[in-house]
Amino acid sequence: MSNTRRGTKWGLAALVAMLAVAFALAAPHSAYALTTNKATARPNENGGSGVIGGLATRLTWEGTVEEGEKVSSVTLVLPEGGTFDGSSTKITVLEGLSRAKVEGTATPADTQLEVTFSEPIEAGYLLRLEVEGMKFPADGGEVSVGGSYVNQDGEQQLAESKPIKTIANTPLQALVATLDEAPWVQAWNSNPFLGMFFKPQLLATAFATLVPGWLLCLLIVVIAYPFAIVLGLIFALMKISKNPLLRLIAIVYINILRGTPLFLQIYIMFFGLPMMNINIDNNVLGVIVIAINASAYLAEIFRAGIQSIPQGQYEAASSLGMNYFQTMFDIILPQTIRRVIPTVTSDFITSYKDTSLLSSVGVMELMMFAKNLTSVSGNMTPYVAAAIFYLIVTLPLIKAVGYVEQRIANSERGGGPRPKGKAAVKAASAGEATPLPSELGVHFEAARDDAFGTSVSPLAPVAVQEV
Amino acid sequence: MFGKNHGHGGLTFDVPPAMDAAEAARIAFDHDLSLSKHHFVEGEHPVVRIEHLMKTFDGETQVLRDVNLNVWNGEIVVVLGPSGSGKSTMLRCINLLETPTAGHILIDDDEITGKSAKEVGLIRRDLGMVFQSFNLFPHLTALENVMIGQTKVLKKNKDEARAEAVKQLEAVGLGDRIDYKPPQLSGGQQQRVAIARAVAMHPKVLLFDEPTSALDPELVRDVLGVMRELALHGDMTMIVVTHEMGFARDVGDRVVFMEGGVVVEQGLPEQVFDNPQHDRTKQFLGSIK
């Protein structure tokens with residue numbers, strides 16, 4: 001009995017018929033239905049895909065005219081608190097893929113938009129209404145579009161659309177909107193360089209958008225670093241140990257990690273572990289990689305720091321009867337820590353910056369956000385914003401390093417002469433050491449390596465001048 | 001009857017085993033009786049006994065050839081000698097900062113050479129050392145410098161250690177500087193803290209390794225004053241390597257002159273200074289007068 005245009009299975013038709021009956025019993029007015037296909041809004045977020053309330057967007061509503069209906073008008077009830085520019089509503093009626101020759105007139109009235117058609121729209125036609133200048137409520141939230149329509153039997157209810165998620169119009173969005181309008185911004189952006197690297201609207205958006213990435217960077221390095229320090233200390237002590245096996249392990253560990261790029265280490269860990277069916281959360285793995293990498297550098301810093309402590313400190317501790325651990329933890333390391341604070345801070349800065357490499361394996365850190373924003377906006381400004389986020393942390397630290405270096409240089413004197421390499425230490429113990437003014441170099445790391453690494457021909461003790 | 005053959009980089013030493021304690025004490029007693037102002041008591045044993053001590057560096061440079069020396073309880077022994085004579089090395093061998101190549105060092109008749117690291121720690125707490133370059137712990141205050149050995153090594157509680165530290169710092173005239181850190185103190189003050197640090201451990205023997213050599217002349221007097229006080233009014237046994245002839249003459253119970261890794265001459269200060277027996281001693285004393 002039904003005049004099917006599309007080949008519908010009988011079973012399904014029966015089900016639909018049953019549902020229709022049930023629906024008819026429940027709501028007798030809706031015997032027919034203009035089906036709401038969708039209601040969407042064009043993203044109006046600068047460099048994003050969100051729909052922001054209070055800012056102009058375009059609302060698109062689509063519905064399909066069902067069997068046995070002839071729709072003569074549609075009234076959309078737009079969300080409470082929203083406004084729209086009713087003058088420019090675009091009306092499209094499609095039959096299949098071709099545009100039907102139906103004229104429509106849109107009449108705005110408060111939050112309603114009534115669209116009447118020159119002739120009733122037949123079943124199976126697709127009706128698309130595009131409302132320009134739509135501003136959703138500024139508070140954000142989910143909004144849906146409902147309303148009513150008129151068919152041959154009179155007025156019918158229109159099903160509510162699926163909700164559209166809208167973002168609250170934050171001060172930031174308001175700022176961006178203001179910036180968009182401001183003449184100076186337009187002038188500024190007309191300069192290709194300024195517009196590409198320092199676009200004010202995008203700078204504002206980027207600052208807000210990049211925060212989670214920035215926090216993740218900080219979190220990764222702040223969690224990784226204590227582990228790196230402990231690991232570094234262990235390997236430093238192993239490297240200066242008398243046990244050749246411990247020394248060898250430390251040397252291999254330190255040299256491999258310092259001798260290969262962090263980028264490579266990240267790839268090996270992030271792609272290698274899953275292949276061994278070891279699956280670790282990306283952020284956790286990021287912490288692990290950064291910690292391991294930093295530990296190798298810290299080990300060298302600590303080793304150099306420990307070896308920069310004058311031999312006399314060991315001798316003084318020994319002569320009091322202190323054992324290795326007491327000497328190390330009560331005498332040598334407290335002094336080492338003071339000395340290496342500037343170098344360790346520099347290394348911390350490096351590790352913090354190195355977290356950017358984690359973007360290559362999908363960790364959602366600062367660079368990743370900047371990259372995404374840039375690919376959406378086609379503008380370099382997010383990278384500039386990222387740079388500013390890095391600098392917010394690094395510049396004060398760089399300043400602090402300088403300050404601490406100055407303080408240490410001023411405060412540490414009188415610890416006895418510094419070690420002078422094997423030959424000199426031997427000579428000092430053999431004969432009488434020339435007391436060195438204990439000038440404290442902060443840049444001991446590289447220089448110390450050489451002083452301890454190269455073999456100096458042993459001096460006879462008689463060669464040392466007595467004062 | 002010779003003991004171990006101490007081969008070391010081409011040099012070979014044949015050193016007899018340490019003497020029997022009683023016999024050694026008797027021989028030492030007879031030997032030293034006329035050489036020291038120490039009040040010898042019949043039957044007493046030396047607190048430090050050095051027999052045939054040898055030390056070479058890198059198997060070729062022989063710094064100590066054959067040092068034999070006894071130091072008695074409460075005795076002040078001043079060691080003199082030119083640069084490279086081995087006097088500092090001998091001192092450093094006594095508390096094992098240098099490992100003797102051969103020979104014996106006995107503290108209260110206990111052999112201290114050839115011991116494990118743990119035993120060495122126990123031995124060293126009985127041997128206080130004052131260094132030429134002070135070697136105070138720069139990250140600790142004067143008070144903490146004097147306390148740390150007591151709390152960490154002797155396991156004294158904090159209050160006890162603090163009381164002792166304050167007492168010793170007051171004794172060296174630094175009662176008003178206890179909270180200063182070494183960099184805030186003059187060299188002389190640092191060295192006095194170092195002396196307090198060593199004394200607070202109540203060692204059996206206090207070793208001074210050229211304690212005034214790194215000081216400006218005007219600061220030397222304060223440090224020597226403290227050492228003099230310690231020598232005259234304490235019952236401390238002291239071995240002092242120094243170039244301060246005045247101190248040696250006034251304070252020393254015995255003066256030992258070393259050269260070429262052996263003890264060339266020893267005796268009462270006036271004997272050695274006024275009537276040296278060996279040419280080298282004469283030469284040395286002549287050169288520094």
# chains A, B, ... in the order shown; residues from 1 in each chain; ligands from 1

$ select_by_dssp --residues "segment 14-197 of chain A" --states "alpha helix (DSSP H)" --output "ChimeraX atom specification"
/A:14-26,171-181,183-190,192-197

$ closest_atom_pairs --of "chain B" --to "chain A" --cutoff "6 Å" --atoms "only C-alpha atoms" --output "JSON lines"
{"residue": "B:Ser83", "atom": "CA", "partner": "A:Glu466", "partner_atom": "CA", "distance": 5.6}
{"residue": "B:Gly84", "atom": "CA", "partner": "A:Gly431", "partner_atom": "CA", "distance": 5.1}
{"residue": "B:Thr89", "atom": "CA", "partner": "A:Ala430", "partner_atom": "CA", "distance": 5.6}
{"residue": "B:Gly121", "atom": "CA", "partner": "A:Gly321", "partner_atom": "CA", "distance": 4.5}
{"residue": "B:Arg124", "atom": "CA", "partner": "A:Gly321", "partner_atom": "CA", "distance": 5.0}
{"residue": "B:Arg125", "atom": "CA", "partner": "A:Gly321", "partner_atom": "CA", "distance": 4.5}
{"residue": "B:Ser133", "atom": "CA", "partner": "A:Gly416", "partner_atom": "CA", "distance": 5.1}
{"residue": "B:Asn135", "atom": "CA", "partner": "A:Gly416", "partner_atom": "CA", "distance": 5.0}
{"residue": "B:Leu136", "atom": "CA", "partner": "A:Gly415", "partner_atom": "CA", "distance": 5.8}
{"residue": "B:Pro138", "atom": "CA", "partner": "A:Gly415", "partner_atom": "CA", "distance": 5.5}
{"residue": "B:Gly149", "atom": "CA", "partner": "A:Leu320", "partner_atom": "CA", "distance": 5.7}
{"residue": "B:Val153", "atom": "CA", "partner": "A:Met322", "partner_atom": "CA", "distance": 5.9}
{"residue": "B:Pro183", "atom": "CA", "partner": "A:Arg413", "partner_atom": "CA", "distance": 4.9}

$ select_by_dssp --residues "segment 99-227 of chain B" --states "strand (DSSP E or B)" --output "VMD selection string"
chain B and resid 102 to 107 110 to 111 127 to 130 205 to 209

$ write_last_selection --atoms "N, CA, C and O atoms" --output "compact mmCIF listing (two decimals), in the first residue's frame"
# COMPACT_ATOMS: atom_id res chain seq x y z
N ALA B 102 107.24 0.06 53.45
CA ALA B 102 107.76 -1.02 54.28
C ALA B 102 108.01 -0.46 55.67
O ALA B 102 108.05 0.76 55.86
N GLY B 103 108.18 -1.34 56.62
CA GLY B 103 108.47 -0.91 57.97
C GLY B 103 107.25 -0.99 58.86
O GLY B 103 106.20 -1.49 58.45
N HIS B 104 107.43 -0.52 60.08
CA HIS B 104 106.38 -0.68 61.07
C HIS B 104 106.07 0.63 61.76
O HIS B 104 106.96 1.43 62.03
N ILE B 105 104.79 0.85 62.00
CA ILE B 105 104.37 1.95 62.87
C ILE B 105 103.45 1.33 63.90
O ILE B 105 102.50 0.62 63.56
N LEU B 106 103.74 1.56 65.16
CA LEU B 106 102.92 0.99 66.22
C LEU B 106 102.40 2.11 67.10
O LEU B 106 103.16 2.99 67.52
N ILE B 107 101.12 2.09 67.34
CA ILE B 107 100.51 3.04 68.27
C ILE B 107 100.11 2.24 69.50
O ILE B 107 99.33 1.28 69.39
N ASP B 110 100.35 -1.35 69.06
CA ASP B 110 99.55 -2.01 68.02
C ASP B 110 100.04 -1.60 66.64
O ASP B 110 100.10 -0.40 66.33
N GLU B 111 100.34 -2.61 65.85
CA GLU B 111 100.77 -2.34 64.47
C GLU B 111 99.61 -1.70 63.70
O GLU B 111 98.48 -2.18 63.76
N LEU B 127 94.46 9.75 66.11
CA LEU B 127 95.58 10.54 65.63
C LEU B 127 95.06 11.82 65.01
O LEU B 127 94.59 11.84 63.89
N GLY B 128 95.12 12.89 65.78
CA GLY B 128 94.64 14.17 65.27
C GLY B 128 95.66 14.77 64.33
O GLY B 128 96.86 14.56 64.48
N MET B 129 95.16 15.49 63.32
CA MET B 129 96.09 16.07 62.35
C MET B 129 95.71 17.53 62.09
O MET B 129 94.54 17.86 61.89
N VAL B 130 96.74 18.37 62.12
CA VAL B 130 96.55 19.77 61.76
C VAL B 130 97.37 20.01 60.51
O VAL B 130 98.57 19.73 60.48
N VAL B 205 97.65 11.14 69.91
CA VAL B 205 98.77 11.92 69.38
C VAL B 205 98.21 12.99 68.45
O VAL B 205 97.29 12.73 67.68
N LEU B 206 98.79 14.17 68.56
CA LEU B 206 98.38 15.27 67.69
C LEU B 206 99.53 15.55 66.72
O LEU B 206 100.67 15.76 67.14
N LEU B 207 99.21 15.49 65.43
CA LEU B 207 100.23 15.67 64.41
C LEU B 207 100.07 17.04 63.77
O LEU B 207 98.97 17.40 63.34
N PHE B 208 101.12 17.81 63.73
CA PHE B 208 101.07 19.14 63.12
C PHE B 208 101.96 19.14 61.88
O PHE B 208 103.16 18.93 61.99
N ASP B 209 101.36 19.37 60.73
CA ASP B 209 102.12 19.36 59.49
C ASP B 209 102.33 20.80 59.02
O ASP B 209 101.51 21.35 58.31

$ atom_distance --atom1 "atom CA of Asp222 of chain B" --atom2 "atom CA of Ile178 of chain B"
17.1 Å

$ atom_distance --atom1 "atom CA of Ala25 of chain B" --atom2 "atom CA of His45 of chain B"
5.0 Å

$ residues_around --residues "Phe257 of chain B" --least-positions-apart "2" --cutoff "8 Å" --atoms "only C-alpha atoms" --output "list in words"
Val79, Leu80, Gly81, Val255, Glu259, Val263, Val264, Glu265, Gln266 and Thr281 of chain B

$ write_last_selection --atoms "all heavy atoms" --output "PDB file, in the first residue's frame"
ATOM      1  N   VAL B  79     109.939  18.176  64.606  1.00  0.00           N
ATOM      2  CA  VAL B  79     110.707  17.592  63.506  1.00  0.00           C
ATOM      3  C   VAL B  79     111.147  18.709  62.575  1.00  0.00           C
ATOM      4  O   VAL B  79     110.326  19.468  62.068  1.00  0.00           O
ATOM      5  CB  VAL B  79     109.873  16.545  62.739  1.00  0.00           C
ATOM      6  CG1 VAL B  79     110.704  15.902  61.636  1.00  0.00           C
ATOM      7  CG2 VAL B  79     109.328  15.496  63.686  1.00  0.00           C
ATOM      8  N   LEU B  80     112.444  18.809  62.380  1.00  0.00           N
ATOM      9  CA  LEU B  80     113.012  19.814  61.483  1.00  0.00           C
ATOM     10  C   LEU B  80     113.646  19.110  60.298  1.00  0.00           C
ATOM     11  O   LEU B  80     113.940  17.914  60.356  1.00  0.00           O
ATOM     12  CB  LEU B  80     114.088  20.630  62.203  1.00  0.00           C
ATOM     13  CG  LEU B  80     113.724  21.339  63.501  1.00  0.00           C
ATOM     14  CD1 LEU B  80     114.969  22.010  64.080  1.00  0.00           C
ATOM     15  CD2 LEU B  80     112.636  22.359  63.262  1.00  0.00           C
ATOM     16  N   GLY B  81     113.879  19.889  59.274  1.00  0.00           N
ATOM     17  CA  GLY B  81     114.573  19.309  58.127  1.00  0.00           C
ATOM     18  C   GLY B  81     114.297  20.119  56.889  1.00  0.00           C
ATOM     19  O   GLY B  81     113.283  20.817  56.809  1.00  0.00           O
ATOM     20  N   VAL B 255     114.083  17.580  69.730  1.00  0.00           N
ATOM     21  CA  VAL B 255     114.122  18.048  68.355  1.00  0.00           C
ATOM     22  C   VAL B 255     114.708  16.930  67.501  1.00  0.00           C
ATOM     23  O   VAL B 255     115.721  16.329  67.867  1.00  0.00           O
ATOM     24  CB  VAL B 255     114.967  19.337  68.224  1.00  0.00           C
ATOM     25  CG1 VAL B 255     115.215  19.667  66.761  1.00  0.00           C
ATOM     26  CG2 VAL B 255     114.279  20.488  68.926  1.00  0.00           C
ATOM     27  N   GLU B 259     116.860  14.305  57.280  1.00  0.00           N
ATOM     28  CA  GLU B 259     117.283  14.649  55.924  1.00  0.00           C
ATOM     29  C   GLU B 259     117.436  13.370  55.116  1.00  0.00           C
ATOM     30  O   GLU B 259     117.855  12.344  55.646  1.00  0.00           O
ATOM     31  CB  GLU B 259     118.606  15.421  55.933  1.00  0.00           C
ATOM     32  CG  GLU B 259     119.176  15.508  54.515  1.00  0.00           C
ATOM     33  CD  GLU B 259     119.951  16.759  54.244  1.00  0.00           C
ATOM     34  OE1 GLU B 259     120.806  17.088  55.056  1.00  0.00           O
ATOM     35  OE2 GLU B 259     119.689  17.379  53.190  1.00  0.00           O
ATOM     36  N   VAL B 263     116.353   9.925  60.026  1.00  0.00           N
ATOM     37  CA  VAL B 263     116.595  10.830  61.143  1.00  0.00           C
ATOM     38  C   VAL B 263     118.111  10.962  61.279  1.00  0.00           C
ATOM     39  O   VAL B 263     118.815   9.992  61.539  1.00  0.00           O
ATOM     40  CB  VAL B 263     115.984  10.277  62.446  1.00  0.00           C
ATOM     41  CG1 VAL B 263     116.378  11.149  63.622  1.00  0.00           C
ATOM     42  CG2 VAL B 263     114.468  10.199  62.311  1.00  0.00           C
ATOM     43  N   VAL B 264     118.601  12.195  61.039  1.00  0.00           N
ATOM     44  CA  VAL B 264     120.042  12.401  61.074  1.00  0.00           C
ATOM     45  C   VAL B 264     120.510  12.612  62.499  1.00  0.00           C
ATOM     46  O   VAL B 264     121.540  12.096  62.931  1.00  0.00           O
ATOM     47  CB  VAL B 264     120.416  13.623  60.199  1.00  0.00           C
ATOM     48  CG1 VAL B 264     121.884  13.978  60.361  1.00  0.00           C
ATOM     49  CG2 VAL B 264     120.090  13.336  58.739  1.00  0.00           C
ATOM     50  N   GLU B 265     119.710  13.382  63.227  1.00  0.00           N
ATOM     51  CA  GLU B 265     120.144  13.734  64.573  1.00  0.00           C
ATOM     52  C   GLU B 265     118.927  14.043  65.420  1.00  0.00           C
ATOM     53  O   GLU B 265     117.944  14.590  64.939  1.00  0.00           O
ATOM     54  CB  GLU B 265     121.055  14.974  64.500  1.00  0.00           C
ATOM     55  CG  GLU B 265     121.609  15.386  65.836  1.00  0.00           C
ATOM     56  CD  GLU B 265     122.726  16.428  65.700  1.00  0.00           C
ATOM     57  OE1 GLU B 265     123.100  16.742  64.548  1.00  0.00           O
ATOM     58  OE2 GLU B 265     123.199  16.908  66.739  1.00  0.00           O
ATOM     59  N   GLN B 266     118.983  13.684  66.682  1.00  0.00           N
ATOM     60  CA  GLN B 266     117.903  14.078  67.582  1.00  0.00           C
ATOM     61  C   GLN B 266     118.460  14.301  68.960  1.00  0.00           C
ATOM     62  O   GLN B 266     119.518  13.797  69.325  1.00  0.00           O
ATOM     63  CB  GLN B 266     116.793  13.027  67.597  1.00  0.00           C
ATOM     64  CG  GLN B 266     117.251  11.616  67.918  1.00  0.00           C
ATOM     65  CD  GLN B 266     116.084  10.654  68.018  1.00  0.00           C
ATOM     66  OE1 GLN B 266     115.097  10.969  68.676  1.00  0.00           O
ATOM     67  NE2 GLN B 266     116.197   9.488  67.384  1.00  0.00           N
ATOM     68  N   THR B 281     123.171  18.927  59.931  1.00  0.00           N
ATOM     69  CA  THR B 281     122.387  19.683  60.900  1.00  0.00           C
ATOM     70  C   THR B 281     122.958  21.090  61.035  1.00  0.00           C
ATOM     71  O   THR B 281     122.231  22.085  61.021  1.00  0.00           O
ATOM     72  CB  THR B 281     122.405  18.976  62.266  1.00  0.00           C
ATOM     73  OG1 THR B 281     122.294  17.581  62.067  1.00  0.00           O
ATOM     74  CG2 THR B 281     121.266  19.466  63.132  1.00  0.00           C
TER      75      THR B 281
END

$ residues_around --residues "Leu158 of chain A" --least-positions-apart "5" --cutoff "6 Å" --atoms "only C-alpha atoms" --output "NGL selection string"
:A and (146-148)

$ write_last_selection --atoms "all heavy atoms" --output "JSON list (two decimals), in the first residue's frame"
[["chain", "number", "residue", "atom", "x", "y", "z"],
["A", 146, "GLY", "N", 15.15, 24.03, 17.58],
["A", 146, "GLY", "CA", 13.86, 23.36, 17.41],
["A", 146, "GLY", "C", 12.93, 24.24, 16.57],
["A", 146, "GLY", "O", 13.41, 25.04, 15.77],
["A", 147, "GLY", "N", 11.65, 24.09, 16.80],
["A", 147, "GLY", "CA", 10.73, 24.95, 16.07],
["A", 147, "GLY", "C", 9.50, 24.19, 15.58],
["A", 147, "GLY", "O", 9.11, 23.17, 16.16],
["A", 148, "SER", "N", 8.95, 24.70, 14.54],
["A", 148, "SER", "CA", 7.73, 24.07, 14.02],
["A", 148, "SER", "C", 7.70, 24.25, 12.51],
["A", 148, "SER", "O", 8.53, 24.98, 11.94],
["A", 148, "SER", "CB", 6.50, 24.73, 14.65],
["A", 148, "SER", "OG", 6.52, 26.13, 14.36]]

$ closest_residue --among "A:Phe302, A:Phe348, A:Tyr297, A:Tyr253" --to "Ala236 of chain A" --atoms "only C-alpha atoms"
A:Phe302

$ closest_residue --among "B:Gln271, B:Gln150, B:Ser85, B:Thr242" --to "Ser36 of chain B" --atoms "only C-alpha atoms"
B:Gln271

$ closest_residue --among "B:Val47, B:Ala171, B:Thr113, B:Glu144" --to "Leu97 of chain B" --atoms "only C-alpha atoms"
B:Thr113
